[in-house]
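Engineer: The structure follows.
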Amino acid sequence: MHLHPILSTLRRHRTASALIVLEIAVTCAIVSNTVFLVQERLSRMNNSSGVVEDELIVVQLTGIGEKPDAAAATEVDLSALRSIPGVRHVATSNMVPFGNSSWNTSISTIPDDPNTVNSAMYFGSQDLLEVMGLQVTAGRDFAPEEYVTLDDVQSKKAQAPAVIITRGLANRLFPDKPPIGQPLYVLGKNPQTVVGVIEHLARPNEGTGRENAAYAIVLPLLAPYTVTGNYVLRADAKQASQVLTSVDTTLNRIDRGRVIMGRKPFAEIRREYFSQDRSLALLLTGVSIALLVVTAMGIVGLASFWVQQRTRQIGIRRALGASRGDILRYFLLENFILATIGIVLGMALSYGINLWLMKAYQVARLPGTVLPIGAALLWLVGQLAVLGPALRATKISPAIATRAT
Amino acid sequence: MFAYYLHLALRSLGRNRVITALMVLAIAFGVGASMTTLTVLRTLSADPVPGKSHRLFNVQLDPRPASRSMPSTEPPEQLTRTDAEALIRAAKAERQVMMSGGNAAIEPTRADLAPFFADARWTTADFFVMFGAPFAAGTPWTAVDDERAARVVVITRELAEKLFGTIEIIGRSLRVDGTEMRIVGVLDTWRVNPHFYDLNTTVYGTGEQLFAPFSTSRELKLSRSGTTDCWENAPEPEALGAPCTWVQLWVELGSMSAVANYQDFLTSYSQDQRRAGRFEREPTIRLRSVVDWLAFKQVVPSDVRLQTWIALGFLIVCLINTIGLLLTKFLRRASEVGVRRALGASKREIFTQLLIEAAVVGLAGGLVGLLFTWIGLGMIRSQPTTYAALARLDLPMLGITIALAVVSSILAGVFPAWRGCQVSPSIQLKSP
């Protein structure tokens with residue numbers, strides 16, 4: 001197929017062609033950026049928590065008024081929850097990954113270091129690592145005698161001797177030596193010894209910045225439910241829904257005067273935490289589709305006009321021996337050329353938009369992989385949109401050429 | 001003449017239904033998307049205390065020690081309890097309130113209601129008058145109640161109806177965290193959005209259901225919610241003298257000179273504290289009005305602003321689309337225009353006629369766009385975000401939607417109409 005007749009036709013319809021090219025360019029620029037934003041959100045939603053999500057149930061409980069016997073009640077609660085059929089392990093925990101409410105602390109490797117690292121601070125009863133399914137990949141879990149109560153630590157009667165840290169934090173604090181056995185200043189002037197390293201444990205939220213996302217520690221601190229607020233249950237994934245229904249009755253049987261703020265499988269915590277990302281991803285996908293539909297409508301409108309305008313020209317070409325396929329290919333190729341010019345302009349524009357987004361909304365740099373997606377989408381939409389008018393053009397009878405219009 | 005052009009426009013639009021529908025839909029899409037996001041943006045940046053937002057000021061001081069490597073340009077966003085109580089006692093503003101968020105464990109007397117938690121605010125007597133909280137029954141507590149840490153509460157109508165089934169409950173007792181408190185007032189429905197006076201507990205939402213004196217909350221050690229920042233290890237951050245900021249303080253100042261005077265007062269207070277050894281840094285104070293405070297805290301989520309930009313980009317594509325479609329439509333009418341030109345119509349008249357046709361398309365697009373906006377806002381409301389429920393279409397936005405559609409389609413029509421009226425009468429008459 002020769003390009004020459006197409007190009008000369010387009011030159012004669014400069015304004016209309018320019019409008020289509022412009023529309024495709026702007027659409028391409030916006031769609032590339034939204035595809036990228038959606039990708040970013042989706043990958044964020046897949047962030048690992050480090051815990052065995054499909055086996056975990058989190059119960060939030062709080063007391064009313066002063067509860068002097070809370071420590072004893074916690075033990076009673078734990079053993080009652082443990083006896084629910086299907087529950088394998090139970091522990092208290094001061095927070096859970098993606099749970100939003102967080103305890104953070106500043107840690108350093110030398111005393112009184114002004115350059116501290118902000119880390120999430122997990123603590124709970126003895127089975128906590130077991131419950132969350134956290135594997136100690138170097139060193140060991142806490143020994144039973146290492147546990148002290150939070151009360152004693154706050155009143156300076158005791159000190160936590162040990163700490164377990166994530167691999168990410170170990171790499172940040174001890175880049176060139178094994179972390180096990182190193183001192184870490186977490187609580188006050190006396191250090192804790194690093195006894196173990198776990199691969200990953202996500203923070204409850206990202207409030208302290210993305211660069212701190214991999215920094216978490218676990219301390220051997222015991223505290224009653226009135227302080228920790230969470231019971232974490234590890235159950236067989238299949239029995240989780242049955243366990244969920246017996247949590248309230250089990251706890252209320254022990255003490256009715258408390259408030260169970262929530263009981264949910266971990267999947268729900270994840271869903272709630274990322275709900276904003278999900279809704280933005282959905283919205284952006286919707287806008288992108290609407291944008292492509294509008295662009296397609298523009299192409300359909302203009303192509304129909306051109307087909308109508310060139311009825312006689314098409315009839316003559318048919319009379320001179322052009323097949324229906326030739327006519328179809330002519331219009332498809334014409335649209336392809338317009339789309340290509342639009343896509344090239346659109347890519348430049350999308351980098352411009354991305355630069356501005358990077359400045360205004362801390363969006364990352366547009367990766368090269370997004371551009372082929374944007375281009376392919378617009379080529380596809382262009383070809384589909386022009387197909388209807390082009391097929392109508394192929395139905396024009398060669399006899400038109402013989403009639404004077 | 002206008003009526004005649006309108007008639008011509010309607011006939012022309014009716015002649016080519018597919019193109020007309022495409023144009024109307026494109027405008028409707030663009031306008032619908034833009035108006036949906038603009039409505040959300042407008043809702044979220046609404047003035048939470050209309051008429052008073054320039055008179056209310058948030059107070060910031062810098063009580064932190066000099067030694068730490070903390071930036072000194074911006075003081076902490078909250079005050080220590082010591083400073084807040086001192087400034088309340090000084091009473092140098094027209095009105096002043098100190099406060100903190102809290103959780104109230106409520107034990108209903110009704111047997112069918114289990115104990116539950118309600119969001120609470122521990123504050124001082126001026127709170128209600130200063131922020132314009134409407135009372136359905138009773139009155140605020142008094143400054144004397146603050147001094148004596150009286151066991152009094154003000155609750156919302158919603159909570160009153162949930163607990164008692166009525167709001168005629170002044171003087172009755174409510175059990176909060178194990179203590180009997182006397183109900184002195186019931187607030188009528190009152191939504192403060194954004195929740196400007198404490199953005200740490202919530203930004204957009206339903207607000208607190210129970211209010212009690214700050215002094216009472218400390219005496220009873222009622223539970224707190226919000227952000228606490230300590231620069232030293234503090235076993236009891238809420239204690240008087242603790243090195244922690246967790247109290248908000250707002251003052252009402254009626255004039256520019258009152259603002260300047262209060263700033264001087266805060267500076268001299270800081271200097272006094274420094275001389276006394278409590279403060280270590282050069283006095284750094286901030287006195288931000290509600291408007292400045294909301295801007296400083298960037299309360300409008302950046303996701304929402306991003307959506308607005310994307311929607312406006314969408315509108316641009318829809319307009320380019322409309323320009324293209326109008327162009328084809330007007331050029332197709334070359335012969336009709338030629339005849340009218342030959343019969344004496346001026347270029348200006350043709351131009352006007354074509355623009356009116358564009359405006360009719362815009363009006364239709366606006367009406368359909370209104371429907372899309374309504375659907376779009378319905379979708380936003382079904383989202384789980386806290387601000388979602390607030391997004392509603394009101395009368396001004398309704399008008400703006402239609403205006404946006406008509407104005408943008410007239411703008412889109414200018415170039416096609418100009419091209420459309422460049423028809424020389426003779427040529428068109430020659431062709432049969």
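By convention in this document, the chains of the structure tokens carry letters A, B, ... by their order, each chain's residues are numbered from 1, and ligands are numbered from 1 in the order they are shown.
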Could you name the residues that touch Glu145 of chain A at 12 Å or less, counting only C-alpha atoms, but leaving out those on the same chain fewer than 6 positions away, as a list in words?
Structural biologist: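 The residues satisfying every condition are Gln126, Ala160, Pro161, Ala162, Pro220, Leu221 and Leu222 of chain A.
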Engineer: Generate a file of the selected residues that holds C-alpha atoms, formatted as an mmCIF file, in the first residue's frame.
Structural biologist:
```cif
data_model
loop_
_atom_site.group_PDB
_atom_site.id
_atom_site.type_symbol
_atom_site.label_atom_id
_atom_site.label_comp_id
_atom_site.auth_asym_id
_atom_site.auth_seq_id
_atom_site.Cartn_x
_atom_site.Cartn_y
_atom_site.Cartn_z
ATOM 1 C CA GLN A 126 5.657 -15.299 74.844
ATOM 2 C CA ALA A 160 14.497 -5.786 78.836
ATOM 3 C CA PRO A 161 17.690 -7.752 78.174
ATOM 4 C CA ALA A 162 17.098 -8.717 74.557
ATOM 5 C CA PRO A 220 10.219 -9.313 75.404
ATOM 6 C CA LEU A 221 7.804 -7.085 77.308
ATOM 7 C CA LEU A 222 4.680 -8.362 79.010
#
```
Engineer: Pull out every residue of chain B that has at least one atom within 7 Å of chain A, counting only C-alpha atoms, and report them as a list of chain:residue names.
Structural biologist: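 That gives B:Ile19, B:Leu22, B:Ala26, B:Ser69, B:Ala105, B:Pro115, B:Phe116, B:Asp177, B:Gly178, B:Pro235, B:Ser302, B:Phe314, B:Val317, B:Cys318, B:Ile320, B:Asn321, B:Gly324, B:Leu325, B:Thr328, B:Gln383, B:Pro384, B:Thr385 for chain B.
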Engineer: Produce a file of the selected residues containing N, CA and C atoms, as a PDB file, in the first residue's frame.
Structural biologist:
```pdb
ATOM      1  N   ILE B  19     -23.929  11.853  15.392  1.00  0.00           N
ATOM      2  CA  ILE B  19     -22.901  12.847  15.728  1.00  0.00           C
ATOM      3  C   ILE B  19     -23.361  13.686  16.916  1.00  0.00           C
ATOM      4  N   LEU B  22     -22.939  11.733  20.038  1.00  0.00           N
ATOM      5  CA  LEU B  22     -21.524  11.615  20.402  1.00  0.00           C
ATOM      6  C   LEU B  22     -21.032  12.887  21.091  1.00  0.00           C
ATOM      7  N   ALA B  26     -19.832  13.220  24.938  1.00  0.00           N
ATOM      8  CA  ALA B  26     -18.458  13.615  25.253  1.00  0.00           C
ATOM      9  C   ALA B  26     -18.463  14.756  26.256  1.00  0.00           C
ATOM     10  N   SER B  69      18.723  17.524  68.286  1.00  0.00           N
ATOM     11  CA  SER B  69      18.901  17.922  66.894  1.00  0.00           C
ATOM     12  C   SER B  69      17.550  18.032  66.193  1.00  0.00           C
ATOM     13  N   ALA B 105     -15.693   5.550  78.133  1.00  0.00           N
ATOM     14  CA  ALA B 105     -16.387   4.274  78.265  1.00  0.00           C
ATOM     15  C   ALA B 105     -17.734   4.556  78.902  1.00  0.00           C
ATOM     16  N   PRO B 115     -21.926  -1.977  77.368  1.00  0.00           N
ATOM     17  CA  PRO B 115     -21.031  -0.823  77.489  1.00  0.00           C
ATOM     18  C   PRO B 115     -20.349  -0.551  76.142  1.00  0.00           C
ATOM     19  N   PHE B 116     -20.091   0.700  75.859  1.00  0.00           N
ATOM     20  CA  PHE B 116     -19.414   1.021  74.592  1.00  0.00           C
ATOM     21  C   PHE B 116     -18.561   2.267  74.764  1.00  0.00           C
ATOM     22  N   ASP B 177     -16.719   5.860  82.462  1.00  0.00           N
ATOM     23  CA  ASP B 177     -15.516   5.263  83.060  1.00  0.00           C
ATOM     24  C   ASP B 177     -15.687   5.014  84.557  1.00  0.00           C
ATOM     25  N   GLY B 178     -16.827   4.525  84.936  1.00  0.00           N
ATOM     26  CA  GLY B 178     -17.053   4.164  86.327  1.00  0.00           C
ATOM     27  C   GLY B 178     -17.422   5.327  87.239  1.00  0.00           C
ATOM     28  N   PRO B 235       7.078   8.656  82.108  1.00  0.00           N
ATOM     29  CA  PRO B 235       6.152   7.580  82.469  1.00  0.00           C
ATOM     30  C   PRO B 235       4.708   8.050  82.431  1.00  0.00           C
ATOM     31  N   SER B 302      -4.079  14.533  49.155  1.00  0.00           N
ATOM     32  CA  SER B 302      -3.454  14.788  47.859  1.00  0.00           C
ATOM     33  C   SER B 302      -4.079  13.906  46.777  1.00  0.00           C
ATOM     34  N   PHE B 314      -9.278  15.222  31.538  1.00  0.00           N
ATOM     35  CA  PHE B 314     -10.345  14.490  30.863  1.00  0.00           C
ATOM     36  C   PHE B 314     -11.271  15.465  30.144  1.00  0.00           C
ATOM     37  N   VAL B 317      -9.728  16.666  26.925  1.00  0.00           N
ATOM     38  CA  VAL B 317      -9.862  15.700  25.830  1.00  0.00           C
ATOM     39  C   VAL B 317     -11.278  15.754  25.260  1.00  0.00           C
ATOM     40  N   CYS B 318     -12.261  15.841  26.157  1.00  0.00           N
ATOM     41  CA  CYS B 318     -13.652  15.880  25.694  1.00  0.00           C
ATOM     42  C   CYS B 318     -13.898  17.124  24.852  1.00  0.00           C
ATOM     43  N   ILE B 320     -11.577  18.826  23.023  1.00  0.00           N
ATOM     44  CA  ILE B 320     -10.915  18.638  21.722  1.00  0.00           C
ATOM     45  C   ILE B 320     -11.814  17.792  20.836  1.00  0.00           C
ATOM     46  N   ASN B 321     -12.366  16.772  21.453  1.00  0.00           N
ATOM     47  CA  ASN B 321     -13.280  15.882  20.749  1.00  0.00           C
ATOM     48  C   ASN B 321     -14.471  16.658  20.190  1.00  0.00           C
ATOM     49  N   GLY B 324     -13.560  18.777  17.223  1.00  0.00           N
ATOM     50  CA  GLY B 324     -13.471  17.962  16.003  1.00  0.00           C
ATOM     51  C   GLY B 324     -14.843  17.632  15.448  1.00  0.00           C
ATOM     52  N   LEU B 325     -15.750  17.223  16.323  1.00  0.00           N
ATOM     53  CA  LEU B 325     -17.074  16.809  15.853  1.00  0.00           C
ATOM     54  C   LEU B 325     -17.880  18.004  15.328  1.00  0.00           C
ATOM     55  N   THR B 328     -16.589  18.879  11.834  1.00  0.00           N
ATOM     56  CA  THR B 328     -17.117  18.036  10.759  1.00  0.00           C
ATOM     57  C   THR B 328     -18.572  18.402  10.488  1.00  0.00           C
ATOM     58  N   GLN B 383     -17.606   4.778  48.684  1.00  0.00           N
ATOM     59  CA  GLN B 383     -16.224   4.436  49.005  1.00  0.00           C
ATOM     60  C   GLN B 383     -16.037   4.443  50.524  1.00  0.00           C
ATOM     61  N   PRO B 384     -15.046   3.678  50.998  1.00  0.00           N
ATOM     62  CA  PRO B 384     -14.878   3.588  52.451  1.00  0.00           C
ATOM     63  C   PRO B 384     -14.135   4.765  53.078  1.00  0.00           C
ATOM     64  N   THR B 385     -13.699   5.759  52.303  1.00  0.00           N
ATOM     65  CA  THR B 385     -12.942   6.851  52.911  1.00  0.00           C
ATOM     66  C   THR B 385     -13.843   7.683  53.828  1.00  0.00           C
TER      67      THR B 385
END
```
Engineer: Once DSSP has gone over the backbone, tell me which residues of segment 48-180 of chain B are in strand (DSSP E or B), as an MDAnalysis selection string.
Structural biologist: chainID B and resid 56:60 79 95:107 116:123 135:138 152:156 173:176 179:180
Engineer: Find the residues around segment 128-139 of chain A up to 8 Å (only C-alpha atoms counted), leave out those fewer than 3 positions away in its own chain, and share them as a list of chain:residue names.
Structural biologist: A:Gly50, A:Val51, A:Val52, A:Leu56, A:His89, A:Val90, A:Ala91, A:Thr92, A:Ser93, A:Phe123, A:Gly124, A:Ser125, A:Ile180, A:Val195, A:Gly196, A:Val197, A:Ile198, A:Glu199, A:His200, A:Leu201, A:Val232, A:Leu233, A:Arg234
Engineer: How would you write, as a PyMOL selection string, the set of residues in segment 106-198 of chain B that DSSP gives as alpha helix (DSSP H)?
Structural biologist: chain B and resi 127-131+143-148+157-164
Engineer: Could those residues be written to a file, using N, CA and C atoms, as a PDB file, in the first residue's frame?
Structural biologist:
```pdb
ATOM      1  N   PHE B 127     -15.452  26.429  75.021  1.00  0.00           N
ATOM      2  CA  PHE B 127     -15.453  25.639  73.783  1.00  0.00           C
ATOM      3  C   PHE B 127     -16.715  25.857  72.959  1.00  0.00           C
ATOM      4  N   PHE B 128     -17.879  25.757  73.610  1.00  0.00           N
ATOM      5  CA  PHE B 128     -19.151  25.718  72.877  1.00  0.00           C
ATOM      6  C   PHE B 128     -19.485  27.064  72.237  1.00  0.00           C
ATOM      7  N   VAL B 129     -19.284  28.125  72.989  1.00  0.00           N
ATOM      8  CA  VAL B 129     -19.577  29.459  72.458  1.00  0.00           C
ATOM      9  C   VAL B 129     -18.567  29.800  71.359  1.00  0.00           C
ATOM     10  N   MET B 130     -17.310  29.480  71.623  1.00  0.00           N
ATOM     11  CA  MET B 130     -16.258  29.871  70.702  1.00  0.00           C
ATOM     12  C   MET B 130     -16.411  29.196  69.345  1.00  0.00           C
ATOM     13  N   PHE B 131     -16.752  27.924  69.340  1.00  0.00           N
ATOM     14  CA  PHE B 131     -16.856  27.200  68.070  1.00  0.00           C
ATOM     15  C   PHE B 131     -18.298  27.148  67.556  1.00  0.00           C
ATOM     16  N   ALA B 143     -17.062  28.234  83.982  1.00  0.00           N
ATOM     17  CA  ALA B 143     -15.649  28.301  84.348  1.00  0.00           C
ATOM     18  C   ALA B 143     -15.437  27.762  85.762  1.00  0.00           C
ATOM     19  N   VAL B 144     -16.454  27.934  86.595  1.00  0.00           N
ATOM     20  CA  VAL B 144     -16.353  27.413  87.966  1.00  0.00           C
ATOM     21  C   VAL B 144     -16.266  25.886  87.929  1.00  0.00           C
ATOM     22  N   ASP B 145     -17.078  25.275  87.042  1.00  0.00           N
ATOM     23  CA  ASP B 145     -17.012  23.810  86.899  1.00  0.00           C
ATOM     24  C   ASP B 145     -15.606  23.380  86.497  1.00  0.00           C
ATOM     25  N   ASP B 146     -14.982  24.165  85.588  1.00  0.00           N
ATOM     26  CA  ASP B 146     -13.611  23.863  85.179  1.00  0.00           C
ATOM     27  C   ASP B 146     -12.683  23.884  86.379  1.00  0.00           C
ATOM     28  N   GLU B 147     -12.811  24.928  87.201  1.00  0.00           N
ATOM     29  CA  GLU B 147     -11.937  25.093  88.360  1.00  0.00           C
ATOM     30  C   GLU B 147     -12.093  23.938  89.349  1.00  0.00           C
ATOM     31  N   ARG B 148     -13.354  23.551  89.548  1.00  0.00           N
ATOM     32  CA  ARG B 148     -13.612  22.529  90.570  1.00  0.00           C
ATOM     33  C   ARG B 148     -13.552  21.119  90.023  1.00  0.00           C
ATOM     34  N   ARG B 157     -27.082  15.064  70.719  1.00  0.00           N
ATOM     35  CA  ARG B 157     -28.458  14.591  70.592  1.00  0.00           C
ATOM     36  C   ARG B 157     -28.468  13.090  70.227  1.00  0.00           C
ATOM     37  N   GLU B 158     -27.560  12.724  69.315  1.00  0.00           N
ATOM     38  CA  GLU B 158     -27.489  11.340  68.861  1.00  0.00           C
ATOM     39  C   GLU B 158     -27.244  10.376  70.030  1.00  0.00           C
ATOM     40  N   LEU B 159     -26.257  10.755  70.881  1.00  0.00           N
ATOM     41  CA  LEU B 159     -25.929   9.899  72.019  1.00  0.00           C
ATOM     42  C   LEU B 159     -27.077   9.886  73.029  1.00  0.00           C
ATOM     43  N   ALA B 160     -27.696  11.072  73.238  1.00  0.00           N
ATOM     44  CA  ALA B 160     -28.808  11.167  74.193  1.00  0.00           C
ATOM     45  C   ALA B 160     -29.939  10.233  73.763  1.00  0.00           C
ATOM     46  N   GLU B 161     -30.235  10.273  72.452  1.00  0.00           N
ATOM     47  CA  GLU B 161     -31.349   9.446  71.982  1.00  0.00           C
ATOM     48  C   GLU B 161     -31.016   7.964  72.056  1.00  0.00           C
ATOM     49  N   LYS B 162     -29.739   7.655  71.818  1.00  0.00           N
ATOM     50  CA  LYS B 162     -29.331   6.253  71.902  1.00  0.00           C
ATOM     51  C   LYS B 162     -29.453   5.738  73.346  1.00  0.00           C
ATOM     52  N   LEU B 163     -29.060   6.603  74.309  1.00  0.00           N
ATOM     53  CA  LEU B 163     -29.016   6.155  75.702  1.00  0.00           C
ATOM     54  C   LEU B 163     -30.374   6.251  76.396  1.00  0.00           C
ATOM     55  N   PHE B 164     -31.095   7.352  76.127  1.00  0.00           N
ATOM     56  CA  PHE B 164     -32.310   7.617  76.900  1.00  0.00           C
ATOM     57  C   PHE B 164     -33.571   7.660  76.055  1.00  0.00           C
TER      58      PHE B 164
END
```
Engineer: Determine, counting only C-alpha atoms, which protein, DNA and RNA residues have an atom within 7 Å of an atom of segment 341-347 of chain B; residues of the same chain fewer than 4 positions away are not included. Present the result as a list in words.
Structural biologist: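 Close residues of segment 341-347 of chain B: Val337, Phe351, Cys421 and Pro425 of chain B.
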Engineer: I want to know what sits within 9 Å of Tyr204 of chain B, based on only C-alpha atoms, with residues of the same chain fewer than 6 positions away left out; could you give that as JSON, numbers by chain?
Structural biologist: {"B": [44, 192, 193, 194, 195, 386, 387, 388, 390]}
Engineer: Tell me, as a VMD selection string, which residues lie within 12 Å of Ala91 of chain B, counting only C-alpha atoms; anything in the same chain fewer than 4 positions away does not count.
Structural biologist: chain B and resid 84 to 87 95 to 98 126 143 249 to 253 262 265 to 266
Engineer: Report the distance between atom CA of Thr109 of chain B and atom CA of Ile169 of chain B in Å, rounded to one decimal place.
Structural biologist: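 Interatomic distance, atom CA of Thr109 of chain B to atom CA of Ile169 of chain B: 13.3 Å.
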